[in-house]
Each structure stands twice: as structure tokens, then as C-alpha cells.
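Participant: You'll find upload24.txt just under this line, and it carries compact mmCIF, C-alpha atoms.
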# COMPACT_ATOMS: atom_id res chain seq x y z
CA MET A 243 131.61 134.18 54.27
CA LYS A 244 129.60 136.64 56.34
CA ASN A 245 129.34 139.05 53.42
CA LEU A 246 128.28 136.21 51.11
CA VAL A 247 125.53 135.07 53.47
CA HIS A 248 124.26 138.60 53.97
CA GLY A 249 124.35 139.23 50.21
CA ILE A 250 122.05 136.25 49.62
CA LYS A 251 119.80 137.18 52.53
CA GLU A 252 119.60 140.78 51.34
CA LYS A 253 117.78 139.65 48.19
CA THR A 254 114.70 138.73 50.24
CA PRO A 255 112.36 141.43 51.60
CA MET A 256 112.91 140.61 55.27
CA GLY A 257 116.64 140.23 54.69
CA PHE A 258 116.65 143.70 53.12
CA CYS A 259 114.91 145.08 56.20
CA ASP A 260 117.62 143.53 58.40
CA VAL A 261 120.15 146.38 58.25
CA PRO A 262 123.74 145.06 58.50
CA GLY A 263 126.09 146.39 61.12
CA LYS A 264 129.86 146.75 61.04
CA ASN A 265 132.03 145.45 63.84
CA LEU A 266 135.73 145.15 64.63
CA LEU A 267 136.08 141.97 62.56
CA ASP A 268 134.75 143.79 59.50
CA PHE A 269 137.28 146.57 60.07
CA LEU A 270 140.16 144.10 60.37
CA ARG A 271 138.94 142.32 57.23
CA ASP A 272 139.02 145.64 55.34
CA MET A 273 142.55 146.36 56.55
CA LYS A 274 143.65 142.90 55.46
CA SER A 275 142.15 143.57 52.04
CA ILE A 276 144.14 146.79 51.70
CA CYS A 277 147.40 145.02 52.57
CA ALA A 278 146.56 142.18 50.19
CA ASN A 279 145.94 144.71 47.41
CA GLU A 280 149.46 146.11 47.80
CA ALA A 281 150.92 142.60 47.77
CA ARG A 282 149.03 141.77 44.56
CA TYR A 283 150.63 144.78 42.90
CA LYS A 284 154.21 143.73 43.46
CA PRO A 285 156.07 144.52 40.21
CA ARG A 286 157.81 141.64 38.41
CA LYS A 287 159.26 143.35 35.35
CA LYS A 288 162.10 145.85 35.62
CA ILE A 289 160.23 148.70 33.93
CA HIS A 290 157.26 148.11 36.23
CA GLN A 291 159.57 148.15 39.23
CA ALA A 292 161.09 151.47 38.13
CA ALA A 293 157.60 152.93 37.67
CA SER A 294 156.52 151.72 41.12
CA GLU A 295 159.58 153.18 42.80
CA GLY A 296 159.29 156.51 41.00
CA ASP A 297 162.82 156.20 39.52
CA ILE A 298 162.36 158.52 36.53
CA LYS A 299 165.95 158.45 35.29
CA LYS A 300 166.12 154.67 35.29
CA LEU A 301 162.73 154.47 33.61
CA GLN A 302 163.67 156.90 30.84
CA ARG A 303 167.00 155.13 30.27
CA MET A 304 165.21 151.79 29.83
CA ILE A 305 162.86 153.33 27.28
CA ASN A 306 165.67 155.07 25.38
CA LEU A 307 167.74 151.88 25.13
CA GLY A 308 164.76 150.08 23.65
CA LYS A 309 165.14 147.00 25.85
CA HIS A 310 161.90 147.80 27.61
CA SER A 311 158.69 149.38 26.37
CA VAL A 312 155.92 151.44 27.95
CA HIS A 313 153.60 148.79 26.50
CA ASP A 314 155.21 145.85 28.34
CA ARG A 315 152.66 143.85 30.32
CA ASP A 316 152.92 141.36 33.17
CA PHE A 317 150.97 138.12 33.57
CA LYS A 318 147.89 140.11 34.64
CA GLU A 319 148.09 142.37 31.57
CA ARG A 320 149.16 145.39 33.64
CA THR A 321 151.36 148.12 32.17
CA ALA A 322 153.89 150.48 33.75
CA LEU A 323 151.15 153.13 33.85
CA HIS A 324 149.02 150.86 36.05
CA PHE A 325 151.90 150.51 38.51
CA ALA A 326 152.65 154.24 38.49
CA CYS A 327 149.02 154.99 39.40
CA ILE A 328 148.72 152.33 42.07
CA TYR A 329 151.77 153.80 43.83
CA GLY A 330 150.81 157.44 43.20
CA ARG A 331 153.86 158.33 41.04
CA GLU A 332 152.58 161.43 39.26
CA GLU A 333 155.95 162.31 37.67
CA VAL A 334 156.25 158.78 36.30
CA VAL A 335 152.78 159.14 34.79
CA ASN A 336 153.95 162.24 32.94
CA VAL A 337 157.07 160.46 31.63
CA LEU A 338 155.04 157.50 30.38
CA LEU A 339 152.51 159.77 28.67
CA ARG A 340 155.30 161.68 26.93
CA ASN A 341 156.53 158.35 25.60
CA ASN A 342 153.13 157.56 24.06
CA CYS A 343 151.90 154.89 26.44
CA ASP A 344 148.32 153.64 26.12
CA ILE A 345 146.42 155.91 28.51
CA ASP A 346 143.39 153.61 28.61
CA ALA A 347 145.22 150.26 28.70
CA VAL A 348 143.17 147.57 30.46
CA ASP A 349 144.33 144.65 32.55
CA ARG A 350 142.65 141.24 32.57
CA ASN A 351 139.85 142.65 34.78
CA SER A 352 139.29 145.49 32.29
CA ILE A 353 140.64 148.03 34.79
CA THR A 354 142.34 151.14 33.42
CA PRO A 355 145.18 153.18 35.01
CA LEU A 356 142.61 155.88 35.80
CA MET A 357 140.60 153.38 37.81
CA LYS A 358 143.71 152.36 39.73
CA ALA A 359 144.49 156.01 40.49
CA VAL A 360 140.92 156.53 41.76
CA GLN A 361 140.89 153.29 43.76
CA ASN A 362 144.03 154.36 45.61
CA TRP A 363 143.07 158.04 45.99
CA SER A 364 146.04 159.11 43.85
CA TYR A 365 144.58 162.55 43.15
CA GLY A 366 147.58 163.88 41.22
CA CYS A 367 147.71 160.86 38.92
CA MET A 368 143.96 161.03 38.33
CA CYS A 369 144.09 164.72 37.40
CA THR A 370 147.00 164.18 35.02
CA LEU A 371 145.28 161.30 33.26
CA LEU A 372 142.00 163.17 32.86
CA LYS A 373 143.77 166.25 31.49
CA HIS A 374 145.41 164.02 28.86
CA GLY A 375 142.08 162.51 27.79
CA ALA A 376 141.64 159.35 29.88
CA ASN A 377 138.14 157.90 29.57
CA PRO A 378 136.23 158.20 32.90
CA ASN A 379 133.31 156.11 31.60
CA HIS A 380 135.14 152.90 30.74
CA MET A 381 133.58 149.92 32.54
CA ASP A 382 135.46 147.12 34.27
CA LYS A 383 134.32 143.48 34.18
CA ASN A 384 131.68 144.25 36.86
CA GLY A 385 130.31 147.20 34.93
CA ASN A 386 131.76 149.78 37.32
CA THR A 387 133.14 153.04 35.94
CA SER A 388 135.78 155.26 37.53
CA LEU A 389 132.94 157.14 39.25
CA HIS A 390 131.59 154.09 41.08
CA TYR A 391 134.86 153.63 42.99
CA PRO A 392 135.12 156.98 44.84
CA VAL A 393 131.37 156.94 45.46
CA SER A 394 131.77 153.61 47.24
CA GLU A 395 134.69 155.05 49.23
CA ASP A 396 132.77 158.26 50.06
CA ASN A 397 135.42 160.54 48.50
CA GLN A 398 133.62 163.68 47.29
CA LYS A 399 136.82 165.35 46.10
CA LEU A 400 137.54 162.63 43.56
CA VAL A 401 133.87 162.44 42.52
CA GLU A 402 133.67 166.18 41.88
CA TYR A 403 136.78 166.14 39.72
CA LEU A 404 135.53 163.18 37.67
CA LEU A 405 132.22 164.96 37.10
CA LYS A 406 134.16 167.96 35.84
CA TYR A 407 135.43 165.68 33.05
CA ASN A 408 131.95 164.40 32.17
CA ALA A 409 131.86 161.18 34.18
CA ASP A 410 128.44 159.59 33.62
CA MET A 411 126.30 159.69 36.77
CA GLU A 412 123.66 157.42 35.23
CA GLN A 413 125.81 154.48 34.15
CA LYS A 414 124.63 151.25 35.80
CA ASN A 415 126.98 148.42 36.74
CA ASN A 416 126.16 144.73 36.27
CA ASP A 417 123.96 144.75 39.40
CA GLY A 418 121.95 147.71 38.13
CA PHE A 419 123.50 150.31 40.44
CA THR A 420 124.13 153.85 39.28
CA PRO A 421 126.63 155.78 41.43
CA LEU A 422 123.66 157.26 43.37
CA LEU A 423 122.10 153.86 44.02
CA LEU A 424 125.50 152.49 45.03
CA ALA A 425 125.98 155.31 47.53
CA LEU A 426 122.56 154.57 49.04
CA LYS A 427 123.14 150.82 49.07
CA GLU A 428 126.36 151.28 51.06
CA ASN A 429 124.87 153.87 53.44
CA LYS A 430 126.96 156.76 52.10
CA ILE A 431 124.19 159.26 52.81
CA GLU A 432 126.24 162.45 52.44
CA MET A 433 127.60 161.18 49.13
CA ALA A 434 124.05 160.47 47.96
CA LYS A 435 122.98 164.01 48.87
CA PHE A 436 126.00 165.36 46.99
CA LEU A 437 125.10 163.39 43.83
CA VAL A 438 121.46 164.48 44.00
CA LYS A 439 122.63 168.07 44.28
CA LYS A 440 124.77 167.49 41.17
CA GLY A 441 121.71 166.36 39.25
CA ALA A 442 121.72 162.57 39.56
CA ASN A 443 118.46 160.89 38.49
CA ILE A 444 116.49 159.87 41.61
CA HIS A 445 114.00 157.69 39.70
CA VAL A 446 116.41 154.83 38.99
CA PHE A 447 116.17 151.30 40.41
CA ASP A 448 118.40 148.22 40.55
CA LYS A 449 117.82 144.66 39.26
CA MET A 450 115.55 143.92 42.24
CA LYS A 451 113.51 147.04 41.30
CA ARG A 452 114.52 148.74 44.53
CA ASN A 453 114.62 152.47 43.97
CA THR A 454 116.38 155.35 45.70
CA LEU A 455 113.48 155.96 48.09
CA LEU A 456 113.54 152.36 49.27
CA TYR A 457 117.27 152.50 50.05
CA ALA A 458 116.83 155.81 51.87
CA ILE A 459 114.12 154.16 53.99
CA ARG A 460 116.38 151.21 54.72
CA TRP A 461 118.89 153.49 56.46
CA ASP A 462 116.09 155.67 57.88
CA SER A 463 117.52 158.78 56.22
CA THR A 464 114.60 161.11 56.83
CA ASP A 465 116.28 163.98 54.95
CA LEU A 466 116.55 161.96 51.75
CA VAL A 467 113.11 160.40 52.15
CA SER A 468 111.56 163.88 52.36
CA LEU A 469 113.71 165.11 49.47
CA PHE A 470 112.74 162.24 47.16
CA LEU A 471 109.04 162.64 47.98
CA ASP A 472 109.22 166.39 47.34
CA GLU A 473 110.86 165.68 43.98
CA GLY A 474 107.90 163.51 42.95
CA ILE A 475 109.30 159.99 43.22
CA ASP A 476 106.72 157.23 42.70
CA PHE A 477 105.27 156.54 46.15
CA PHE A 478 103.50 153.37 44.98
CA PHE A 479 106.45 151.84 43.11
CA LYS A 480 106.87 148.10 43.84
CA ASP A 481 109.97 145.91 43.82
CA VAL A 482 110.13 142.42 42.30
CA PHE A 483 108.31 141.02 45.35
CA GLY A 484 105.45 143.48 44.99
CA TRP A 485 106.43 145.37 48.16
CA THR A 486 105.93 149.14 48.35
CA VAL A 487 108.11 151.55 50.30
CA LEU A 488 105.44 151.91 52.98
CA ARG A 489 105.37 148.17 53.53
CA TYR A 490 109.15 148.03 53.91
CA ALA A 491 109.01 150.90 56.39
CA ILE A 492 106.35 149.11 58.48
CA GLU A 493 108.11 145.74 58.35
CA GLY A 494 111.51 147.24 59.16
CA MET A 495 112.83 149.46 61.93
CA SER A 496 112.77 152.79 60.05
CA LYS A 497 110.55 154.69 62.48
CA GLY A 498 111.37 158.19 61.24
CA SER A 499 110.81 157.27 57.59
CA ARG A 500 107.65 155.35 58.47
CA ASN A 501 106.06 158.46 60.00
CA ILE A 502 107.02 160.58 56.98
CA LEU A 503 105.51 158.04 54.58
CA MET A 504 102.28 157.76 56.58
CA ASP A 505 101.89 161.54 56.63
CA TYR A 506 102.63 161.69 52.92
CA GLU A 507 99.97 159.07 52.17
CA VAL A 508 97.40 161.02 54.16
CA LYS A 509 98.23 164.16 52.15
CA LEU A 510 97.70 162.23 48.93
CA HIS A 511 94.24 161.10 50.07
CA VAL A 512 93.28 164.58 51.24
CA LYS A 513 93.67 165.62 47.60
CA ASN A 514 90.98 163.09 46.62
CA LYS A 515 87.59 164.70 46.32
CA ASP A 516 85.75 161.73 47.82
CA GLY A 517 88.17 161.41 50.76
CA SER A 518 88.80 157.71 50.07
CA LEU A 519 91.44 155.97 52.13
CA GLY A 520 91.72 152.83 50.01
CA THR A 521 91.37 149.18 51.02
CA THR A 522 93.36 146.21 52.19
CA MET A 523 93.11 142.94 54.12
CA ILE A 524 95.23 141.06 56.64
CA LEU A 525 95.31 137.32 57.23
CA LEU A 526 96.02 136.74 60.89
CA LEU A 527 98.01 133.80 62.20
CA ASP A 528 97.42 132.18 65.57
CA PRO A 529 99.27 133.86 67.20
CA PRO A 530 99.90 136.71 64.70
CA CYS A 531 103.51 137.64 63.94
CA LEU A 532 104.87 141.03 64.99
CA SER A 533 104.93 142.46 61.48
CA GLN A 534 101.24 141.63 61.04
CA VAL A 535 100.37 143.24 64.34
CA ARG A 536 102.17 146.40 63.27
CA MET A 537 100.29 146.48 59.97
CA MET A 538 96.97 145.68 61.65
CA VAL A 539 97.29 148.49 64.19
CA PHE A 540 98.37 150.89 61.47
CA LEU A 541 95.40 150.07 59.25
CA MET A 542 92.80 150.04 62.03
CA LYS A 543 93.78 153.60 62.91
CA ARG A 544 93.32 154.75 59.33
CA PHE A 545 90.17 153.03 58.00
CA ARG A 546 86.68 154.18 58.92
CA SER A 547 85.27 150.71 59.47
CA CYS A 548 86.49 147.16 59.74
CA LEU A 549 85.07 143.70 60.43
CA LEU A 550 86.66 140.67 62.10
CA VAL A 551 85.56 137.36 60.57
CA LYS A 552 87.25 134.03 61.33
CA SER A 553 90.73 135.41 62.07
CA ARG A 554 90.53 137.85 59.17
CA ILE A 555 90.13 141.60 59.39
CA PHE A 556 88.26 143.21 56.51
CA PHE A 557 88.56 146.94 55.83
CA GLU A 558 85.79 148.81 54.09
CA ILE A 559 86.25 149.86 50.46
CA GLU A 560 85.12 153.37 49.66
CA PRO A 561 84.75 153.75 45.88
CA SER A 562 87.33 156.06 44.37
CA SER A 563 88.43 156.92 40.87
CA SER A 564 91.55 158.70 42.02
CA LYS A 565 94.82 157.60 40.51
CA HIS A 566 96.41 158.24 43.91
CA ALA A 567 94.52 155.46 45.68
CA PRO A 568 97.08 153.38 47.57
CA ALA A 569 98.21 150.00 46.31
CA LYS A 570 96.49 147.02 47.96
CA CYS A 571 98.56 145.36 50.62
CA PRO A 572 99.33 141.71 49.78
CA SER A 573 98.36 139.15 52.38
CA ASN A 574 101.74 137.44 52.74
CA LEU A 575 102.97 139.72 55.50
CA GLY A 576 105.17 137.02 56.98
CA GLY A 577 107.62 137.35 54.07
CA ALA A 578 107.95 136.94 50.30
CA GLY A 579 106.85 133.59 48.96
CA ASP A 580 104.73 132.83 52.06
CA GLN A 581 102.07 130.17 51.64
CA ARG A 582 99.50 132.69 52.83
CA ASP A 583 99.96 134.75 49.66
CA LYS A 584 96.56 134.27 48.08
CA LYS A 585 94.86 136.02 45.22
CA GLU A 586 92.46 138.77 46.24
CA ALA A 587 88.77 138.43 45.35
CA LYS A 588 85.98 140.94 45.85
CA GLY A 589 82.91 140.08 47.93
CA THR A 590 80.14 141.61 50.01
CA VAL A 591 79.61 141.52 53.78
CA GLU A 592 76.47 143.07 55.25
CA GLY A 593 75.86 145.22 52.21
CA LYS A 594 79.42 146.66 52.04
CA ASN A 595 82.24 145.88 49.67
CA TYR A 596 85.36 144.20 51.09
CA ILE A 597 88.53 142.55 49.89
CA LEU A 598 88.22 138.86 50.80
Rewrite the structure from the file as C-alpha cells, please.
Facilitator:
Amino acid sequence: MKNLVHGIKEKTPMGFCDVPGKNLLDFLRDMKSICANEARYKPRKKIHQAASEGDIKKLQRMINLGKHSVHDRDFKERTALHFACIYGREEVVNVLLRNNCDIDAVDRNSITPLMKAVQNWSYGCMCTLLKHGANPNHMDKNGNTSLHYPVSEDNQKLVEYLLKYNADMEQKNNDGFTPLLLALKENKIEMAKFLVKKGANIHVFDKMKRNTLLYAIRWDSTDLVSLFLDEGIDFFFKDVFGWTVLRYAIEGMSKGSRNILMDYEVKLHVKNKDGSLGTTMILLLDPPCLSQVRMMVFLMKRFRSCLLVKSRIFFEIEPSSSKHAPAKCPSNLGGAGDQRDKKEAKGTVEGKNYIL
């Protein structure tokens, strides 16, 4: 229930800024899930039982007698090869392959034996399957490939071996996550660095249009933030709510990333011949919320002139033709969908241009 609530909350900007923590209850829940997984894979058919137990002689005798087949499936469409991989029986995998089993057989969730081997860190079984031509890019019902699983579990050894057999680093699952985005979403920072080093595309984004830079900021990974900026990621990219990475950094608690982004923005403006620092406006509440105060202080330090009129602060526009001029900050700083989100209109105050 907790995960469900957080998943819904995470879809909003402020919910995304609220970084989830992991406590003892989460750990116990994970352990219970592991035990439940083993219980769900209790073999019912005799040939599946022999495969699970690693009884090669019994397994081969069943196949030779013809009473049982390597293609026999249980009520969840699982084959003997699935059971061999879930229990890490590498020798059984070899026997089944010699008897022409379907190496890419799928169960009712479209999961292959290779996926089961990867899920359970059965390195020997995974290597054997890949050497015999198992498909590492098959997708399950959620769109995940064999590469998504070890990335989520932070297992670089399995990931590296899958990449050796041409696992696709750019395949997105049903939620729009490539393996790199998934690593960042789940705070697997070292895994993300590993994938970037292997050539993963850093310019991807999920269904909410949240890119790699935004996820790096969420966890305040200053190393990745600097890396992505150096590689030319779009600094002004906006998600579905129209929020930029700088806005998320100011609204959230990513102090290290916030400083890097501010310095980066200054460097962009230094490149402009006219020295323009862009424009924006804040609508103040009475009293103003903390996020607005943060943004107000930040902007007042950076703009050359400002004017306070009826609970609104107006920052001077300096004309610029530069394509690097920063995106205008929307007025709904209290959160997405706020009633204060009004359309911007240009006006003039005391002979100077302002955003009203």
C-alpha cells in the first residue's frame, strides 16, 4: 500500500521532489517477497520436480521413456527449463538443451528461462543460455528485457555479460524506462555510471518526460549532474508539467545539484554577447510558501533590477536574441495545477519591460 501511494504521489512535481526513504519494514517486505517467489515456483509435474532438484539421471530417464517431454508446461505455462533456471541447475539446463527444448519458451507473463536465470542471479545458467542463442532482448508483459532485471538489482556482473551478447541498452519498458533511466529512478547511481560508460544514451526520457538529468538531481548525484551537463544534455528541457531541472532543484532538497545548475546557467549567460540574464515573475502568497521564498531569493540575487507591486515581484527584461536565454519560470510555484498558474502577458512599468 505504501508503494502504491508513493507511486501515485511521485507522478506530481512535489511528490517527485519528496525522495522516498527505505526503512526496516521495507526490508522485511522485500525478504517476504523473495520467500514468496520461491513458494510460487514449487514444481507440480514430475519432470519439473526433477529439473528443480537437479536429478539429471531421473530427468534423462523420463525423457527417454517418452512419458514426459521437455515441452511439458504447468498451469502457469512454465517449462522444465524455467524451473532449472530458477533453482540454478546449470547441468540440467545443458541436458534440456541437448534434448531440443525451447530455449526462449515464455510463461503466461511472457518471461523466458533467461529472465528467470537473471532474476535469481543464476550466472552459470545465464551464460549457458546466451551461448546457445537465447534472446536477451525479449520483453515480458511489462516491457522489461533481461537487461532491466539486473540493472534494477544493481548487479554489474550480469549486466556486463548481457551486453557482451548484444543486450539492447535503449529498449524502453511500458513506463518508458530504458535500463539507464531505471537505474536512476531506483537510485542505483553506480549502475547508472557504469551504463553511461558503456555508451547508454543520456538524452532519453520517460512517459512523464523526466530525463536522466532530472533523476540525477532527484538523488543529488553531483557527479552525474556534472557529467550529463558536460555531455551537452538539454538544460532547458521540461517535463509534462512544464518544470525545468533548475526548478526541481530549487523546489527540492538537492543542494549540491542546485549549486551546479546555478553555476552552469551563469556560464551559459556569460556566453551571450549582451550579457542578458533572462526574465521571470513570482506571484507571492500572504504569507508566501517556502518554495516561493527560495525562488524569490534566488532570482533577486541574479537580476539587475526588480520592482515590488501589489504582492508581485517583477524582474527586468533585458532584450536578448540568444538561444540560450533561460526558460521563463511559471507562476504556479506552489505545485502543478495550482490556481495561481496564469498566462504570462507583457507590459511596461516606468518605461521598462516586465513580465506581468
Participant: Please list as a count of residues only every residue within 7 Å of region 424-431 of chain A, counting only C-alpha atoms and excluding residues in the same chain fewer than 4 positions away.
Facilitator: 9
Participant: CA of Pro355 (chain A) and CA of Leu323 (chain A) are how many Å apart?
Facilitator: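 Between these atoms lies a distance of 6.1 Å.
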Participant: Quick one, how far is CA of Gln398 (chain A) from CA of Thr354 (chain A)?
Facilitator: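 Atom-to-atom, CA of Gln398 (chain A) and CA of Thr354 (chain A) are spaced 20.6 Å apart.
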Participant: Could you check which of A:Ile289, A:Lys449, A:Arg460, A:Leu338 is closest to Phe483 (chain A), using only C-alpha atoms?
Facilitator: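 That would be A:Lys449, the residue with the smallest distance to Phe483 (chain A).
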Participant: Find, counting all atoms listed in the file, the residue in A:Asn408, A:Glu402, A:Gly366, A:Asn351 that gets nearest to Asn379 (chain A).
Facilitator: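 Checking each candidate against Asn379 (chain A), we get A:Asn408 as the closest.
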Participant: Could you work out how far CA of Leu400 (chain A) lies from CA of Asp344 (chain A), giving the answer in Å with one decimal?
Facilitator: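 Computing the Euclidean distance for CA of Asp344 (chain A) and CA of Leu400 (chain A) yields 22.4 Å.
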Participant: Draw an axis-aligned box tight on the listed atoms of region 311-318 of chain A, then pad every side by 8 Å and write out centre and edge lengths in Å to one decimal as lines of an AutoDock Vina configuration file.
Facilitator:
center_x = 153.3
center_y = 144.8
center_z = 30.5
size_x = 26.8
size_y = 29.3
size_z = 24.3
Participant: Rank A:His445, A:Met411, A:Lys318, A:Ser499 by their smallest atom-to-atom distance to Phe479 (chain A), using all atoms listed in the file, and report the top residue only.
Facilitator: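 Closest candidate: A:His445.
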Participant: Env of region 462-473 of chain A: 8 Å cut, atoms = all atoms listed in the file, seq-sep filter 3 positions within chain, self excluded. Answer as a PyMOL selection string.
Facilitator: chain A and resi 431+435+444+454-455+458-459+476-477+496-499+502
Participant: Go ahead and save the residues from that selection, with C-alpha atoms, as a tab-separated table (two decimals), in the coordinates of the input.
Facilitator:
chain	number	residue	atom	x	y	z
A	431	ILE	CA	124.19	159.26	52.81
A	435	LYS	CA	122.98	164.01	48.87
A	444	ILE	CA	116.49	159.87	41.61
A	454	THR	CA	116.38	155.35	45.70
A	455	LEU	CA	113.48	155.96	48.09
A	458	ALA	CA	116.83	155.81	51.87
A	459	ILE	CA	114.12	154.16	53.99
A	476	ASP	CA	106.72	157.23	42.70
A	477	PHE	CA	105.27	156.54	46.15
A	496	SER	CA	112.77	152.79	60.05
A	497	LYS	CA	110.55	154.69	62.48
A	498	GLY	CA	111.37	158.19	61.24
A	499	SER	CA	110.81	157.27	57.59
A	502	ILE	CA	107.02	160.58	56.98
Participant: With only C-alpha atoms as the counted atoms, please give the residues lying no more than 9 Å from Cys343 (chain A), apart from itself and same-chain residues fewer than 2 positions off, as a VMD selection string.
Facilitator: chain A and resid 311 to 313 321 to 323 338 to 341 345 to 347
